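Visitor: The following file, data17.cif, comprises mmCIF, C-alpha atoms:
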data_data
#
loop_
_atom_site.label_atom_id
_atom_site.label_comp_id
_atom_site.auth_asym_id
_atom_site.auth_seq_id
_atom_site.Cartn_x
_atom_site.Cartn_y
_atom_site.Cartn_z
CA ASP A 218 -5.85 -83.94 11.54
CA ARG A 219 -9.58 -83.35 11.61
CA LYS A 220 -10.58 -79.83 12.59
CA ILE A 221 -12.50 -79.38 15.81
CA ALA A 222 -15.67 -77.33 15.90
CA ALA A 223 -18.22 -76.30 18.52
CA ILE A 224 -21.78 -77.62 18.72
CA GLY A 225 -24.56 -76.00 20.73
CA ILE A 226 -27.55 -78.28 21.37
CA ARG A 227 -31.01 -77.07 22.40
CA VAL A 228 -34.02 -79.22 23.21
CA ALA A 229 -37.42 -77.85 22.13
CA MET A 230 -39.89 -78.78 24.87
CA ALA A 231 -43.62 -78.05 25.06
CA ASP A 232 -44.46 -74.49 26.15
CA GLY A 233 -40.81 -73.50 25.97
CA GLU A 234 -39.90 -75.25 29.24
CA ALA A 235 -36.32 -76.28 29.93
CA ALA A 236 -35.20 -79.87 29.44
CA PRO A 237 -35.73 -81.81 32.70
CA GLU A 238 -33.02 -82.35 35.27
CA GLY A 239 -31.14 -85.56 34.53
CA THR A 240 -31.15 -85.08 30.74
CA ARG A 241 -28.01 -86.46 29.16
CA ILE A 242 -26.35 -86.00 25.79
CA ALA A 243 -24.34 -88.44 23.69
CA LEU A 244 -22.53 -87.42 20.52
CA HIS A 245 -21.15 -89.93 18.02
CA THR A 246 -19.47 -89.85 14.66
CA ALA A 247 -22.34 -90.66 12.27
CA GLY A 248 -22.52 -94.38 11.53
CA ARG A 249 -20.33 -95.34 14.49
CA MET A 250 -22.67 -95.91 17.39
CA ALA A 251 -20.65 -97.94 19.89
CA GLY A 252 -20.39 -96.24 23.26
CA SER A 253 -16.59 -96.44 23.23
CA GLN A 254 -16.59 -94.27 20.13
CA GLY A 255 -18.85 -91.61 21.56
CA ILE A 256 -17.42 -88.10 21.65
CA ALA A 257 -19.61 -87.07 24.58
CA ALA A 258 -20.87 -90.39 25.87
CA ASN A 259 -23.85 -89.97 28.18
CA ARG A 260 -22.70 -86.64 29.64
CA PRO A 261 -25.06 -84.93 32.11
CA TRP A 262 -26.55 -81.61 31.10
CA LYS A 263 -25.75 -79.33 34.03
CA ASN A 264 -27.90 -76.37 32.93
CA PRO A 265 -30.76 -77.53 30.65
CA SER A 266 -32.07 -73.95 30.29
CA ALA A 267 -28.92 -73.09 28.31
CA PRO A 268 -27.51 -74.81 25.21
CA PHE A 269 -25.46 -77.96 25.77
CA GLU A 270 -22.04 -77.13 24.33
CA VAL A 271 -19.44 -79.63 23.22
CA SER A 272 -16.50 -79.75 20.81
CA ALA A 273 -16.43 -82.32 18.02
CA PRO A 274 -14.59 -83.07 14.79
CA ALA A 275 -15.99 -81.36 11.71
CA GLY A 276 -18.23 -83.57 9.57
CA LYS A 277 -21.36 -85.62 10.19
CA GLN A 278 -22.22 -86.29 13.80
CA THR A 279 -25.12 -88.07 15.48
CA VAL A 280 -26.68 -86.41 18.52
CA ASP A 281 -28.62 -88.44 21.11
CA VAL A 282 -30.73 -86.59 23.67
CA ASN A 283 -31.85 -88.80 26.57
CA LEU A 284 -34.58 -87.37 28.80
CA PRO A 285 -35.56 -89.18 32.02
CA GLY A 286 -38.63 -91.36 31.51
CA SER A 287 -38.79 -90.70 27.77
CA LEU A 288 -37.69 -92.10 24.44
CA PRO A 289 -34.29 -90.97 23.15
CA ARG A 290 -34.27 -88.29 20.47
CA THR A 291 -31.68 -88.73 17.75
CA THR A 292 -30.67 -86.42 14.95
CA GLU A 293 -27.76 -86.10 12.55
CA VAL A 294 -25.95 -82.84 11.95
CA THR A 295 -23.11 -81.69 9.72
CA VAL A 296 -20.60 -79.80 11.83
CA ALA A 297 -18.87 -76.95 10.03
CA ALA A 298 -15.11 -76.58 10.57
CA GLY A 299 -13.92 -73.43 12.31
CA GLY A 300 -17.31 -72.31 13.54
CA SER A 301 -20.23 -73.09 15.83
CA THR A 302 -23.13 -75.32 14.78
CA GLU A 303 -26.52 -74.99 16.48
CA VAL A 304 -28.78 -78.05 16.77
CA GLU A 305 -32.40 -78.07 17.95
CA VAL A 306 -33.95 -81.38 18.97
CA GLU A 307 -37.73 -81.61 19.46
CA ALA A 308 -38.92 -83.43 22.56
CA GLU A 309 -42.64 -82.80 22.75
CA GLY A 310 -45.34 -85.40 23.33
CA ALA A 311 -47.89 -86.81 25.76
CA ASP A 312 -47.32 -87.93 29.35
CA LEU A 313 -48.55 -91.47 30.08
CA VAL A 314 -49.62 -92.42 33.60
CA GLY A 315 -49.77 -96.06 34.65
CA GLU A 316 -50.30 -98.20 37.72
CA PHE A 317 -48.26 -101.22 38.81
CA PRO A 318 -49.35 -101.63 42.48
CA ARG A 319 -47.67 -104.98 43.00
CA ALA A 320 -44.35 -103.34 42.21
CA ALA A 321 -44.71 -100.16 44.27
CA GLU A 322 -41.34 -98.53 45.03
CA ARG A 323 -39.39 -101.43 43.54
CA GLY A 324 -40.63 -101.96 39.99
CA LYS A 325 -39.28 -100.89 36.65
CA VAL A 326 -41.30 -100.22 33.50
CA LEU A 327 -40.23 -100.13 29.85
CA LEU A 328 -41.98 -98.57 26.84
CA VAL A 329 -41.07 -99.54 23.27
CA PRO A 330 -42.73 -98.85 19.87
CA ASP A 331 -45.23 -101.55 18.87
CA LEU A 332 -43.73 -102.55 15.54
CA PRO A 333 -44.46 -106.28 15.05
CA ALA A 334 -41.67 -106.85 12.52
CA LYS A 335 -39.08 -105.39 14.91
CA LEU A 336 -40.39 -106.23 18.37
CA PRO A 337 -37.67 -107.33 20.79
CA GLY A 338 -37.68 -110.76 22.35
CA ARG A 339 -38.41 -111.36 26.01
CA ASP A 340 -34.70 -111.64 26.87
CA ALA A 341 -33.92 -108.25 25.30
CA VAL A 342 -36.69 -106.56 27.28
CA ILE A 343 -35.55 -108.17 30.55
CA ALA A 344 -31.93 -107.14 29.88
CA ALA A 345 -32.94 -103.53 29.21
CA LEU A 346 -35.00 -103.40 32.40
CA ARG A 347 -32.15 -104.91 34.39
CA ASP A 348 -29.22 -102.96 32.97
CA GLY A 349 -30.59 -99.75 31.52
CA ILE A 350 -32.41 -98.08 34.39
CA HIS A 351 -29.49 -95.82 35.37
CA HIS A 352 -30.90 -92.31 35.83
CA GLU A 353 -34.19 -93.61 34.35
CA LEU A 354 -32.73 -93.16 30.88
CA GLY A 355 -33.75 -95.20 27.86
CA GLY A 356 -31.76 -95.97 24.77
CA TYR A 357 -31.79 -98.40 21.86
CA LEU A 358 -32.21 -102.15 22.15
CA PRO A 359 -29.12 -103.80 20.64
CA LEU A 360 -29.27 -105.88 17.49
CA PRO A 361 -27.31 -109.15 17.10
CA ASP A 362 -24.86 -107.41 14.73
CA GLY A 363 -24.16 -104.68 17.28
CA GLY A 364 -26.37 -102.08 15.61
CA ARG A 365 -29.32 -100.20 17.01
CA GLY A 366 -32.75 -101.69 17.35
CA LEU A 367 -35.92 -100.02 18.60
CA PRO A 368 -35.73 -97.03 20.96
CA PHE A 369 -37.05 -97.59 24.47
CA ALA A 370 -37.97 -95.51 27.50
CA LEU A 371 -37.53 -96.53 31.14
CA THR A 372 -39.04 -95.36 34.39
CA ARG A 373 -39.51 -96.53 37.96
CA VAL A 374 -42.65 -97.31 39.94
CA ALA A 375 -43.26 -94.83 42.76
CA ALA A 376 -44.29 -95.65 46.32
CA ASP A 377 -47.96 -95.16 45.42
CA GLY A 378 -47.71 -97.75 42.62
CA ARG A 379 -47.83 -95.16 39.83
CA PHE A 380 -45.36 -94.67 37.01
CA VAL A 381 -45.08 -91.95 34.37
CA PHE A 382 -43.56 -91.79 30.89
CA ARG A 383 -43.08 -88.22 29.68
CA HIS A 384 -42.97 -86.47 26.31
CA ILE A 385 -43.99 -89.54 24.27
CA PRO A 386 -44.55 -88.74 20.55
CA ASP A 387 -47.58 -89.94 18.58
CA GLY A 388 -47.42 -93.65 17.87
CA ARG A 389 -48.34 -97.11 19.13
CA TYR A 390 -46.36 -98.54 22.05
CA ARG A 391 -45.99 -101.59 24.28
CA ILE A 392 -45.38 -101.21 28.00
CA TYR A 393 -43.72 -103.97 30.07
CA GLY A 394 -43.07 -104.07 33.81
CA THR A 395 -41.13 -106.18 36.28
CA ALA A 396 -39.91 -106.14 39.88
CA PRO A 397 -37.88 -108.39 42.18
CA GLY A 398 -39.85 -111.58 42.66
CA LEU A 399 -42.21 -110.83 39.76
CA GLN A 400 -42.00 -112.17 36.24
CA LEU A 401 -42.07 -109.85 33.26
CA SER A 402 -45.65 -108.66 32.74
CA GLN A 403 -47.64 -109.17 29.58
CA PRO A 404 -47.50 -105.94 27.55
CA VAL A 405 -50.07 -103.18 27.70
CA VAL A 406 -50.57 -101.50 24.31
CA VAL A 407 -51.08 -97.72 24.28
CA VAL A 408 -51.76 -95.45 21.31
CA VAL A 409 -50.84 -91.76 21.32
CA GLU A 410 -52.67 -89.77 18.63
CA ASP A 411 -52.56 -85.99 18.27
CA GLY A 412 -50.92 -85.84 21.68
CA GLU A 413 -53.71 -87.79 23.39
CA PRO A 414 -53.05 -91.29 24.81
CA ARG A 415 -55.55 -94.14 24.89
CA LEU A 416 -55.46 -97.87 25.54
CA ALA A 417 -55.62 -100.13 22.51
CA ARG A 418 -58.61 -102.47 22.37
CA GLY A 419 -58.10 -105.61 24.40
CA SER A 420 -55.20 -104.16 26.35
CA GLY A 421 -54.80 -103.76 30.11
CA ARG A 422 -53.63 -106.49 32.48
CA PRO A 423 -54.36 -107.14 36.17
CA ALA A 424 -50.70 -106.74 37.15
CA LEU A 425 -49.85 -103.70 35.03
CA GLN A 426 -52.28 -101.04 33.87
CA ALA A 427 -51.87 -97.84 31.88
CA ARG A 428 -54.55 -95.27 32.57
CA ALA A 429 -54.40 -93.61 29.19
CA SER A 430 -54.26 -90.07 30.51
CA ARG A 431 -51.88 -87.17 30.86
CA ALA A 432 -49.74 -86.78 33.97
#
Have the structure of the file written as structure tokens, please.
Guide:
Amino acid sequence: DRKIAAIGIRVAMADGEAAPEGTRIALHTAGRMAGSQGIAANRPWKNPSAPFEVSAPAGKQTVDVNLPGSLPRTTEVTVAAGGSTEVEVEAEGADLVGEFPRAAERGKVLLVPDLPAKLPGRDAVIAALRDGIHHELGGYLPLPDGGRGLPFALTRVAADGRFVFRHIPDGRYRIYGTAPGLQLSQPVVVVVEDGEPRLARGSGRPALQARASRA
């Protein structure tokens, strides 16, 4: 039998703030990512100001931290038998504010890294927007072989037509939006550099706009 050990998970946020309400944790045996094999599959974090504690078999484990409106953070850890293993996951980054007035109070918006060789197809984006908005949590777009593709973040459009993605690391991203009765928007491309967001040249669409600014 594999020995069971304890894991304490902390999320390092900007300015030492606690992880936001609605944060969830998933723990998997490293290399086995299917949800049915998760040790702590998508469990809510009841007290984000304290460590998230869970028991797991000793050995290599993969920790997923899902924050509302943000990209998932994933790290691997070797769990020592007969003891307690502490894990710290960084979740700092910029907040991106956007506007999708045609979809006020009913729209959904997805953010995904802009990596041309790995960009998801239209059907994958639509499926993620349709099925993955539970608790405004993102995840990983599935690959045809069942593996993990690009990470994505999800959020909803508020009554004033605004949406916010939070704690987005430096990088280049595409933002898509949709709503009942509206087709999937053309992507807006946003670059985050040194914690500061800006629109990429030629980006910005009439139906969906990202005001490259902090929340």
Visitor: Provide the atom CA of Pro404 of chain A to atom CA of Asn283 of chain A distance in Å, to one decimal place.
Guide: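 Straight-line distance from atom CA of Pro404 of chain A to atom CA of Asn283 of chain A works out to 23.2 Å.
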Visitor: What residues come out when you apply the PyMOL selection byres ((chain A and resi 233) around 12) to this file, written as a list in words?
Guide: Arg227, Val228, Ala229, Met230, Ala231, Asp232, Glu234, Ala235, Ala236, Pro237, Pro265, Ser266, Glu307, Ala308 and Glu309 of chain A
Visitor: Could you tell me how far atom CA of Val381 of chain A lies from atom CA of Arg339 of chain A, in Å and to one decimal?
Guide: 22.2 Å
Visitor: For a quick check of understanding, using all atoms listed in the file, which of A:Ile242, A:Ala275, A:Leu358, A:Leu332 has the smallest distance to Val294 of chain A?
Guide: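 Nearest candidate to Val294 of chain A out of A:Ile242, A:Ala275, A:Leu358, A:Leu332: A:Ala275.
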Visitor: At a cut-off of 7 Å, using all atoms listed in the file, what residues contact Val280 of chain A? Leave out same-chain residues fewer than 4 positions from it and give the result as JSON, numbers by chain.
Guide: {"A": [243, 244, 245, 291, 292, 293]}
Visitor: Rounded to one decimal in Å, what is the spacing between atom CA of Gly388 of chain A and atom CA of Val409 of chain A?
Guide: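 So the answer is 5.2 Å.
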Visitor: Can you work out which one of A:Pro268, A:Pro330, A:Pro318, A:Gly324 has the shortest atom-to-atom distance to Val406 of chain A, counting only C-alpha atoms?
Guide: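 Result for the nearest residue to Val406 of chain A: A:Pro330.
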Visitor: Name the residues that the PyMOL selection byres ((chain A and resi 323) around 8) picks from the file above, as a PyMOL selection string, using the file's chain letters and numbers.
Guide: chain A and resi 320-322+324-325+373-375+396-397
Visitor: Of the candidates A:Thr395, A:Ser272, A:Thr372, A:Thr279, which shows the shortest atom-to-atom distance to Gly355 of chain A, using only C-alpha atoms?
Guide: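 Smallest separation from Gly355 of chain A among the options: A:Thr372.
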Visitor: Identify all residues satisfying the PyMOL selection byres ((chain A and resi 288-290) around 9) in the given file; provide them as a VMD selection string.
Guide: chain A and resid 280 to 287 291 to 292 306 to 308 328 to 329 354 to 357 368 to 371 382 to 386
Visitor: Nearest residue to Phe380 of chain A out of A:Ser402, A:Gly338, A:Val314, A:Glu410, using all atoms listed in the file?
Guide: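 Going through A:Ser402, A:Gly338, A:Val314, A:Glu410 one by one, the smallest distance to Phe380 of chain A is for A:Val314.
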Visitor: For a quick check of understanding, using only C-alpha atoms, which of A:Ala267, A:Ala311, A:Val342, A:Val326 has the smallest distance to Pro414 of chain A?
Guide: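 Of A:Ala267, A:Ala311, A:Val342, A:Val326, the one nearest Pro414 of chain A is A:Ala311, counting only C-alpha atoms.
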Visitor: Which residue gives the smallest distance to Asp387 of chain A among A:Pro333, A:Gly366, A:Gly310, A:Gly315, with only C-alpha atoms counted?
Guide: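 The shortest atom-to-atom distance to Asp387 of chain A comes from A:Gly310.
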Visitor: May I have the residues within 10 Å of Gly225 of chain A as a PyMOL selection string, using all atoms listed in the file and disregarding those fewer than 3 positions away in the same chain?
Guide: chain A and resi 267-272+301-305
Visitor: Rebuild N, CA, C and O atoms on segment 283-297 of chain A, as an mmCIF file, in the frame of the given file?
Guide:
data_model
loop_
_atom_site.group_PDB
_atom_site.id
_atom_site.type_symbol
_atom_site.label_atom_id
_atom_site.label_comp_id
_atom_site.auth_asym_id
_atom_site.auth_seq_id
_atom_site.Cartn_x
_atom_site.Cartn_y
_atom_site.Cartn_z
ATOM 1 N N ASN A 283 -31.150 -87.863 25.706
ATOM 2 C CA ASN A 283 -31.850 -88.800 26.570
ATOM 3 C C ASN A 283 -32.494 -88.053 27.730
ATOM 4 O O ASN A 283 -31.803 -87.509 28.591
ATOM 5 N N LEU A 284 -33.828 -88.018 27.726
ATOM 6 C CA LEU A 284 -34.580 -87.370 28.800
ATOM 7 C C LEU A 284 -35.090 -88.434 29.762
ATOM 8 O O LEU A 284 -35.535 -89.506 29.325
ATOM 9 N N PRO A 285 -35.067 -88.179 31.067
ATOM 10 C CA PRO A 285 -35.560 -89.180 32.020
ATOM 11 C C PRO A 285 -37.008 -89.563 31.726
ATOM 12 O O PRO A 285 -37.867 -88.719 31.480
ATOM 13 N N GLY A 286 -37.275 -90.868 31.703
ATOM 14 C CA GLY A 286 -38.630 -91.360 31.510
ATOM 15 C C GLY A 286 -39.185 -91.156 30.119
ATOM 16 O O GLY A 286 -40.400 -91.213 29.924
ATOM 17 N N SER A 287 -38.315 -90.954 29.130
ATOM 18 C CA SER A 287 -38.790 -90.700 27.770
ATOM 19 C C SER A 287 -37.963 -91.476 26.760
ATOM 20 O O SER A 287 -36.933 -92.069 27.092
ATOM 21 N N LEU A 288 -38.438 -91.477 25.523
ATOM 22 C CA LEU A 288 -37.690 -92.100 24.440
ATOM 23 C C LEU A 288 -36.516 -91.208 24.046
ATOM 24 O O LEU A 288 -36.614 -89.978 24.113
ATOM 25 N N PRO A 289 -35.401 -91.794 23.619
ATOM 26 C CA PRO A 289 -34.290 -90.970 23.150
ATOM 27 C C PRO A 289 -34.650 -90.250 21.857
ATOM 28 O O PRO A 289 -35.417 -90.755 21.046
ATOM 29 N N ARG A 290 -34.129 -89.056 21.711
ATOM 30 C CA ARG A 290 -34.270 -88.290 20.470
ATOM 31 C C ARG A 290 -32.928 -88.280 19.767
ATOM 32 O O ARG A 290 -31.905 -87.957 20.399
ATOM 33 N N THR A 291 -32.916 -88.632 18.505
ATOM 34 C CA THR A 291 -31.680 -88.730 17.750
ATOM 35 C C THR A 291 -31.771 -87.920 16.477
ATOM 36 O O THR A 291 -32.783 -87.959 15.787
ATOM 37 N N THR A 292 -30.718 -87.183 16.182
ATOM 38 C CA THR A 292 -30.670 -86.420 14.950
ATOM 39 C C THR A 292 -29.244 -86.377 14.439
ATOM 40 O O THR A 292 -28.295 -86.521 15.214
ATOM 41 N N GLU A 293 -29.084 -86.228 13.138
ATOM 42 C CA GLU A 293 -27.760 -86.100 12.550
ATOM 43 C C GLU A 293 -27.528 -84.657 12.136
ATOM 44 O O GLU A 293 -28.443 -83.956 11.716
ATOM 45 N N VAL A 294 -26.296 -84.212 12.269
ATOM 46 C CA VAL A 294 -25.950 -82.840 11.950
ATOM 47 C C VAL A 294 -24.575 -82.817 11.278
ATOM 48 O O VAL A 294 -23.715 -83.631 11.594
ATOM 49 N N THR A 295 -24.408 -81.908 10.334
ATOM 50 C CA THR A 295 -23.110 -81.690 9.720
ATOM 51 C C THR A 295 -22.434 -80.523 10.412
ATOM 52 O O THR A 295 -22.944 -79.398 10.406
ATOM 53 N N VAL A 296 -21.305 -80.802 11.044
ATOM 54 C CA VAL A 296 -20.600 -79.800 11.830
ATOM 55 C C VAL A 296 -19.608 -79.072 10.934
ATOM 56 O O VAL A 296 -18.759 -79.697 10.293
ATOM 57 N N ALA A 297 -19.745 -77.760 10.867
ATOM 58 C CA ALA A 297 -18.870 -76.950 10.030
ATOM 59 C C ALA A 297 -17.542 -76.701 10.746
ATOM 60 O O ALA A 297 -17.506 -76.411 11.944
#
